[in-house]
Amino acid sequence: MKLKFKIQPYQTAAVDAIADCFAGQANTAGIRYRIDPGRQDMSLEYTGFKNEELHLTEHQVLDNIQTVQQRQNLPLSSCLESSAGCRVNLDVEMETGTGKTYCYIKTMFELNQRYGWSKFIIVVPSIAIREGVYKSLEITADHFTESYGKKARFFIYNSRQLHQLESFSSDAGINIMVINIQAFNATAKDNLRIYEELDDFQSRKPIDVISSNRPILILDEPQKMEGKKTLDALAKFTPLMILRYSATHRTTYNKVHRLDALDAYNHKLVKKINARGITVKGLAGTNAYLYLESIEISRNAPVARLEMEVRQGHGIKRILKRLTTGRNLYDESNGLDQYRGFVLSEINGNTDTVEFSNGHRLTAGEATGDVTETTVRRIQIRETITAHIEKEKLLFSKGIKVLSLFFIDEVVKYRDYSQSDENGEYARIFEEEYRQLVSEYVEEELELDNHEYRSYLKGISPQRTHNGYFSIDRKTKHLADPKIKKRGEEAGLTDDVDAYDLILKDKERLLSFEEPVRFIFSHSALREGWDNPNVFVMCMLKHSDNTISRRQEVGRGLRLAVNQHGERMDNPLNVHDINVLTVVANESYKDFVDNLQKEITGTLSERPRLANKEYFTNKVMTTESGTVTMTEEQATDLEFYLIRHGYIDQTYKVTELYHQDRKAETIAELPESLMPYTPQVIGLINSVFSEAQLPDVANDRQQKTNPLNGNFRKKEFRELWKRINRKAIYRVDFDSEELITNCIRTLDKSLIVSRLTYSIQSGIQLSQVSDQQLKQGKGFQLAESKQETHKVSVYSKVSYDLLGKIAENTKLTRKTVSAILSKIKSEVFQQFQQNPEHFIAEASRLINEQKASIVIERLCYDPVAEEYDIDIFIEAQIRQDFSQPSEKLRRHVYDYLVSDSKVEREFAKELDASDEVVVYAKLPKGFQIPTPVGNYNPDWAISFKEGSVKHIYFVAETKGTMSTLQLRGIEERKIDCARKFFTRLNETIDAEKVQYDVVTDFGKLMEIVGGGK
């Protein structure tokens, strides 16, 4: 497997935030310097390349920083904050799992391309993070070579391999050194070598050679590097600037980018979080051990999965049973007295509770009776394996390997070197429970019989499917003991060094189905800096403490998953169906959620709390045509609008009603002065913190299977399904000349680019560039000039690949882009000089609009023989949240509709009550129509009673009073494509056709189908 990377707009924004802070800096790559200024006899072989000094004044850098902060509506810095002897310190806040390592690697390439800087040092606080960073540099190398046309040289600093440092200094290309803080602020003799004159380094000090490069320092997890000793040591690197990247900054300098937990979750950039809590509950007057694991929904009656004690020939054993209403636990236990009077009188699948005839009541996740810590740990391990298998049986067919991660309290409880097989208590419990649960799954009958997955399970032994990495493993003397190593090999276990490589280094191998390890145990080594995209289950086998927060632990599993082709599972249609992280907590569900949300809230101190005109005035709104600043009058209109609709309370805090309406797409229309900026205004309101915005941590026990019912097999639904169960491919036949002509006309009329001016200090002037060079997109070069400060209109300080950038943005060939730009008016093209980046963005947007218009107009669908399998209906309902399901439905193909949309719930309710409707289905997300702007999933398929309406078969898209605010244009284009798809599909149908349309409610639907006619 090779992990694949693509350009993500939110990551590009983080890169630009840093690079734009130095707008106006000359591109001066290749400045030469003497490696050792102290040497008298300096030949050419002892010269090297360093980062050029900042030519901008501190005032100019601060102006740039404030411009970047203003466009993101961040608090404006009043000055440059110094640290570690460096005047320029920039903070980037990125939520765990959103790719901050990728971002700072790309930032290095971007700074090199724009300004010529080439010497970078990534400073990390631990070995685990160091290995993760080095791995990221390896796996992204080809990706960045494609984007920037050059490779970076990178290495891990080692005081015994200083030839790498020699190359770092003498090479003119991008050079990256990765160093952990222990290498320069620890007291061990090897670590002090960095400050010593070394005979094997031409009597030089490594720190002197490093500092002569004027490196740019990148601090990964800087909150772990705030001690005076560390900061003093960092100052000895004499950094040109320091860039700090973290999700949890403790000290803030000049923050230029923020992507916090709310942004990441609401934009679906990380996994959704579910939790399974465990509560020990006392039942008065009884010592009966009971643990209610979960309640299953079935076609007939709900089933309780209840663990209890059972008398067997050789003693008493705790067994997990599947019981229905009316079962007597005294009989089930083979006559144990403590269960007298425990008859199951009620099993409620919606509330996840059971009640017994003696009045005792249990909720899923509750244990009672003789519950020891070992009992709780066994329950947690079993729950983790159960959650793992439930996810795995769904994702295996999609080519996604599921990993589970255990955090444990003591290493010896997993790895006990005194035992012949090295298994500790947790490892033994794991293997026992794993054998039992796999056996249950393999033996049960499934509606969706996944033979390949069953074979996969049978092919993995319990011993080989778990492993662990602990930092002590790299130090312990046991590793040097050949007898112990031999015992591990004889047991078929991977030795510790291999575990280190597999878990910390070889991410691709761990993600492959060919590697049997799926369960990973760790103590504290796998914290910040380590993550794997396919961690889907996490288990806390330890006591809660304050040393590591829940948010830090959960962060190890937030990254979006990849499949066996290395492709990221980030399709907006199903990103939070596939990417769900289940946390098996060591506390109750409520306590876990409350504590996690408190921790998240604690990191959002910079978020504004009040939605009033003072906050909104002068806020910058970024539109497709540029930036707009909200006036005081508009801010007043917005405040009054929020008050009038109950969207803020008397203290100007955003109400839950606002978030409900936003989620249901029923937000009241904005004032006329703000209507043109609806998405931007909604974004501003969303930026104001309220508790309703916190990530919704669902109760994983309420995720149940919602099986298909008899309606699915009705003739009327089969006829409807037969008509729409066709896949198709689309083609677009249009004349490139027509596109070129339309684009030229539009650019000449609508391309307006703002002019940028900067105060530029001495030594830089713009050289003249010919019109021909401009047409080729070569940009402008810099030359030496006399020392003085003066105002100029800045055309560009970078050589832009104009054709390449626009071709990339529009997915057109360079030839087509060249044909467009070469024929637009000269005065329009000259705007490129004023602001190249804005020119590229605006030109790309206008060309894309024309392209989309022609594409939709010329779009044709060709049905193919391939059809959808019934699997898409079954997979869509394997795990649904039954905390708030609909009432049991009569006409739907499932018994329940699980939806968080008010529009959908009301629509289904009216469909179910209508005598004209025979059967209907909420179409699963696997049913997708391909379009040039992304796949489209219609909402409903409805079959009406023959003779009651004009159109018996109907596919409906339900929208509230407003379209999805952020995607309105794209959604409208998808709907246009869907109309063409169903029109073409109807041409292949001889009998009753299928009608497709968008409706706001049931009344509109009946109006379209001609109800009663």
# chains A, B, ... in the order shown; residues from 1 in each chain; ligands from 1
>>> residues_around(residues="region 509-517 of chain A", least_positions_apart="6", cutoff="12 Å", atoms="only C-alpha atoms", output="MDAnalysis selection string")
chainID A and resid 1:3 392 395:405 453 456:468 492:494 498:503 531:535 561:567
>>> write_last_selection(atoms="C-alpha atoms", output="tab-separated table (two decimals), in the first residue's frame")
chain	number	residue	atom	x	y	z
A	1	MET	CA	0.00	0.00	0.00
A	2	LYS	CA	1.07	3.55	-0.70
A	3	LEU	CA	-0.79	6.34	1.10
A	392	GLU	CA	-14.88	-4.63	10.79
A	395	LEU	CA	-15.77	-1.96	6.57
A	396	PHE	CA	-13.93	-5.11	5.45
A	397	SER	CA	-15.80	-5.22	2.13
A	398	LYS	CA	-14.84	-1.56	1.56
A	399	GLY	CA	-11.17	-2.44	1.85
A	400	ILE	CA	-10.70	-0.64	5.19
A	401	LYS	CA	-8.67	-2.34	7.91
A	402	VAL	CA	-9.92	-1.65	11.44
A	403	LEU	CA	-7.43	-1.08	14.27
A	404	SER	CA	-8.16	-0.88	18.01
A	405	LEU	CA	-5.93	0.79	20.60
A	453	TYR	CA	-14.80	-11.67	6.10
A	456	TYR	CA	-10.38	-13.50	7.14
A	457	LEU	CA	-11.36	-13.92	10.81
A	458	LYS	CA	-10.67	-17.65	10.78
A	459	GLY	CA	-7.21	-17.03	9.29
A	460	ILE	CA	-5.93	-14.90	12.19
A	461	SER	CA	-4.88	-16.49	15.47
A	462	PRO	CA	-5.61	-14.66	18.75
A	463	GLN	CA	-1.90	-14.63	19.59
A	464	ARG	CA	-0.86	-12.86	16.38
A	465	THR	CA	-3.60	-10.24	16.19
A	466	HIS	CA	-2.43	-8.17	19.18
A	467	ASN	CA	0.87	-6.48	19.98
A	468	GLY	CA	2.18	-3.61	22.04
A	492	GLY	CA	4.92	-17.03	16.96
A	493	LEU	CA	5.06	-13.48	18.36
A	494	THR	CA	6.77	-10.52	16.74
A	498	ASP	CA	9.69	-5.43	15.14
A	499	ALA	CA	6.78	-4.13	17.22
A	500	TYR	CA	8.59	-0.79	17.44
A	501	ASP	CA	9.01	-0.67	13.67
A	502	LEU	CA	5.48	-1.86	12.92
A	503	ILE	CA	3.65	0.50	15.25
A	531	ASP	CA	-1.68	8.43	15.25
A	532	ASN	CA	-2.93	5.98	12.72
A	533	PRO	CA	-5.84	6.81	10.39
A	534	ASN	CA	-7.54	3.45	10.92
A	535	VAL	CA	-7.86	3.44	14.71
A	561	ALA	CA	-9.42	6.38	7.61
A	562	VAL	CA	-7.84	5.11	4.39
A	563	ASN	CA	-8.59	2.02	2.33
A	564	GLN	CA	-6.20	-0.59	0.93
A	565	HIS	CA	-5.38	1.73	-1.98
A	566	GLY	CA	-4.23	4.42	0.43
A	567	GLU	CA	-7.24	6.62	-0.44
>>> closest_atom_pairs(of="region 9-108 of chain A", to="region 210-232 of chain A", cutoff="7 Å", atoms="only C-alpha atoms", output="CSV")
residue,atom,partner,partner_atom,distance
A:Ile35,CA,A:Ser212,CA,6.6
A:Phe49,CA,A:Asn213,CA,7.0
A:Lys50,CA,A:Asn213,CA,4.3
A:Asn51,CA,A:Arg214,CA,5.6
A:Ala84,CA,A:Leu231,CA,5.0
>>> write_last_selection(atoms="C-alpha atoms", output="PDB file, in the first residue's frame")
ATOM      1  CA  ILE A  35      30.337  27.061   7.623  1.00  0.00           C
ATOM      2  CA  PHE A  49      24.176  27.844   2.022  1.00  0.00           C
ATOM      3  CA  LYS A  50      22.140  29.574   4.681  1.00  0.00           C
ATOM      4  CA  ASN A  51      18.729  31.177   4.973  1.00  0.00           C
ATOM      5  CA  ALA A  84      14.013  31.799  22.503  1.00  0.00           C
TER       6      ALA A  84
END
>>> closest_residue(among="A:Val628, A:Ile744, A:Val575, A:Leu54", to="Thr816 (chain A)", atoms="only C-alpha atoms")
A:Ile744
>>> atom_distance(atom1="CA of Arg568 (chain A)", atom2="CA of Asn937 (chain A)")
19.8 Å
>>> residues_around(residues="Lys393 (chain A)", least_positions_apart="6", cutoff="10 Å", atoms="only C-alpha atoms", output="PyMOL selection string")
chain A and resi 402+441+448+450+452-454+457+875+878
>>> atom_distance(atom1="CA of Ala141 (chain A)", atom2="CA of Ile105 (chain A)")
9.6 Å
>>> closest_residue(among="A:Asp91, A:Asp63, A:Glu719, A:Asp700", to="Glu390 (chain A)", atoms="only C-alpha atoms")
A:Asp700
>>> select_by_dssp(residues="region 369-399 of chain A", states="helix (DSSP H, G or I)", output="PyMOL selection string")
chain A and resi 373-398
>>> write_last_selection(atoms="N, CA and C atoms", output="mmCIF file, in the first residue's frame")
data_model
loop_
_atom_site.group_PDB
_atom_site.id
_atom_site.type_symbol
_atom_site.label_atom_id
_atom_site.label_comp_id
_atom_site.auth_asym_id
_atom_site.auth_seq_id
_atom_site.Cartn_x
_atom_site.Cartn_y
_atom_site.Cartn_z
ATOM 1 N N GLU A 373 -12.304 -4.699 40.033
ATOM 2 C CA GLU A 373 -11.614 -3.985 38.949
ATOM 3 C C GLU A 373 -11.294 -4.935 37.802
ATOM 4 N N THR A 374 -10.932 -6.165 38.129
ATOM 5 C CA THR A 374 -10.664 -7.151 37.081
ATOM 6 C C THR A 374 -11.917 -7.410 36.256
ATOM 7 N N THR A 375 -13.078 -7.456 36.940
ATOM 8 C CA THR A 375 -14.341 -7.636 36.220
ATOM 9 C C THR A 375 -14.553 -6.508 35.213
ATOM 10 N N VAL A 376 -14.343 -5.265 35.660
ATOM 11 C CA VAL A 376 -14.540 -4.109 34.776
ATOM 12 C C VAL A 376 -13.578 -4.169 33.605
ATOM 13 N N ARG A 377 -12.321 -4.522 33.866
ATOM 14 C CA ARG A 377 -11.332 -4.578 32.776
ATOM 15 C C ARG A 377 -11.704 -5.662 31.754
ATOM 16 N N ARG A 378 -12.192 -6.790 32.235
ATOM 17 C CA ARG A 378 -12.617 -7.846 31.307
ATOM 18 C C ARG A 378 -13.793 -7.356 30.462
ATOM 19 N N ILE A 379 -14.749 -6.671 31.092
ATOM 20 C CA ILE A 379 -15.893 -6.122 30.351
ATOM 21 C C ILE A 379 -15.394 -5.163 29.280
ATOM 22 N N GLN A 380 -14.457 -4.274 29.639
ATOM 23 C CA GLN A 380 -13.940 -3.301 28.675
ATOM 24 C C GLN A 380 -13.263 -3.982 27.492
ATOM 25 N N ILE A 381 -12.462 -4.992 27.779
ATOM 26 C CA ILE A 381 -11.767 -5.703 26.690
ATOM 27 C C ILE A 381 -12.777 -6.380 25.779
ATOM 28 N N ARG A 382 -13.802 -7.030 26.378
ATOM 29 C CA ARG A 382 -14.823 -7.686 25.564
ATOM 30 C C ARG A 382 -15.590 -6.661 24.732
ATOM 31 N N GLU A 383 -15.939 -5.520 25.338
ATOM 32 C CA GLU A 383 -16.668 -4.475 24.606
ATOM 33 C C GLU A 383 -15.827 -3.946 23.438
ATOM 34 N N THR A 384 -14.530 -3.829 23.646
ATOM 35 C CA THR A 384 -13.641 -3.342 22.585
ATOM 36 C C THR A 384 -13.599 -4.308 21.420
ATOM 37 N N ILE A 385 -13.475 -5.586 21.728
ATOM 38 C CA ILE A 385 -13.449 -6.599 20.662
ATOM 39 C C ILE A 385 -14.795 -6.626 19.936
ATOM 40 N N THR A 386 -15.894 -6.503 20.706
ATOM 41 C CA THR A 386 -17.232 -6.492 20.095
ATOM 42 C C THR A 386 -17.385 -5.314 19.146
ATOM 43 N N ALA A 387 -17.008 -4.118 19.628
ATOM 44 C CA ALA A 387 -17.105 -2.922 18.781
ATOM 45 C C ALA A 387 -16.215 -3.057 17.550
ATOM 46 N N HIS A 388 -15.037 -3.640 17.735
ATOM 47 C CA HIS A 388 -14.105 -3.847 16.620
ATOM 48 C C HIS A 388 -14.730 -4.725 15.538
ATOM 49 N N ILE A 389 -15.298 -5.872 15.950
ATOM 50 C CA ILE A 389 -15.887 -6.796 14.977
ATOM 51 C C ILE A 389 -17.096 -6.163 14.286
ATOM 52 N N GLU A 390 -17.908 -5.425 15.051
ATOM 53 C CA GLU A 390 -19.069 -4.769 14.445
ATOM 54 C C GLU A 390 -18.646 -3.796 13.354
ATOM 55 N N LYS A 391 -17.566 -3.060 13.580
ATOM 56 C CA LYS A 391 -17.079 -2.131 12.565
ATOM 57 C C LYS A 391 -16.413 -2.887 11.417
ATOM 58 N N GLU A 392 -15.662 -3.904 11.771
ATOM 59 C CA GLU A 392 -14.879 -4.633 10.789
ATOM 60 C C GLU A 392 -15.753 -5.353 9.771
ATOM 61 N N LYS A 393 -16.856 -5.945 10.229
ATOM 62 C CA LYS A 393 -17.706 -6.689 9.294
ATOM 63 C C LYS A 393 -18.385 -5.753 8.304
ATOM 64 N N LEU A 394 -18.507 -4.474 8.657
ATOM 65 C CA LEU A 394 -19.065 -3.488 7.739
ATOM 66 C C LEU A 394 -17.999 -2.925 6.810
ATOM 67 N N LEU A 395 -16.794 -2.679 7.332
ATOM 68 C CA LEU A 395 -15.769 -1.965 6.569
ATOM 69 C C LEU A 395 -14.835 -2.884 5.791
ATOM 70 N N PHE A 396 -14.831 -4.176 6.131
ATOM 71 C CA PHE A 396 -13.929 -5.108 5.449
ATOM 72 C C PHE A 396 -14.185 -5.120 3.946
ATOM 73 N N SER A 397 -15.466 -5.165 3.555
ATOM 74 C CA SER A 397 -15.802 -5.216 2.129
ATOM 75 C C SER A 397 -15.441 -3.923 1.407
ATOM 76 N N LYS A 398 -15.247 -2.834 2.157
ATOM 77 C CA LYS A 398 -14.843 -1.559 1.565
ATOM 78 C C LYS A 398 -13.326 -1.422 1.492
#
>>> atom_distance(atom1="CA of Arg718 (chain A)", atom2="CA of Gln703 (chain A)")
28.3 Å
>>> residues_around(residues="Leu259 (chain A)", least_positions_apart="6", cutoff="10 Å", atoms="only C-alpha atoms", output="number ranges by chain")
A: 10-11, 13-14, 92-96, 98, 247, 265
>>> decode(residues="region 799-815 of chain A", atoms="C-alpha atoms", output="short mmCIF file (atom, residue, chain, number, x, y, z; two decimals), in the first residue's frame")
data_model
loop_
_atom_site.label_atom_id
_atom_site.label_comp_id
_atom_site.auth_asym_id
_atom_site.auth_seq_id
_atom_site.Cartn_x
_atom_site.Cartn_y
_atom_site.Cartn_z
CA SER A 799 7.97 33.50 -10.11
CA TYR A 800 4.45 32.16 -10.67
CA ASP A 801 3.54 29.32 -12.97
CA LEU A 802 0.42 31.18 -14.09
CA LEU A 803 -0.73 28.64 -16.67
CA GLY A 804 -0.02 25.70 -14.35
CA LYS A 805 -1.89 27.18 -11.38
CA ILE A 806 -5.02 28.03 -13.36
CA ALA A 807 -4.89 24.69 -15.19
CA GLU A 808 -4.72 22.92 -11.82
CA ASN A 809 -7.63 24.95 -10.41
CA THR A 810 -9.88 24.47 -13.44
CA LYS A 811 -8.84 20.94 -14.53
CA LEU A 812 -8.19 22.27 -18.03
CA THR A 813 -5.08 21.78 -20.14
CA ARG A 814 -2.33 24.41 -20.16
CA LYS A 815 -3.03 24.82 -23.86
#
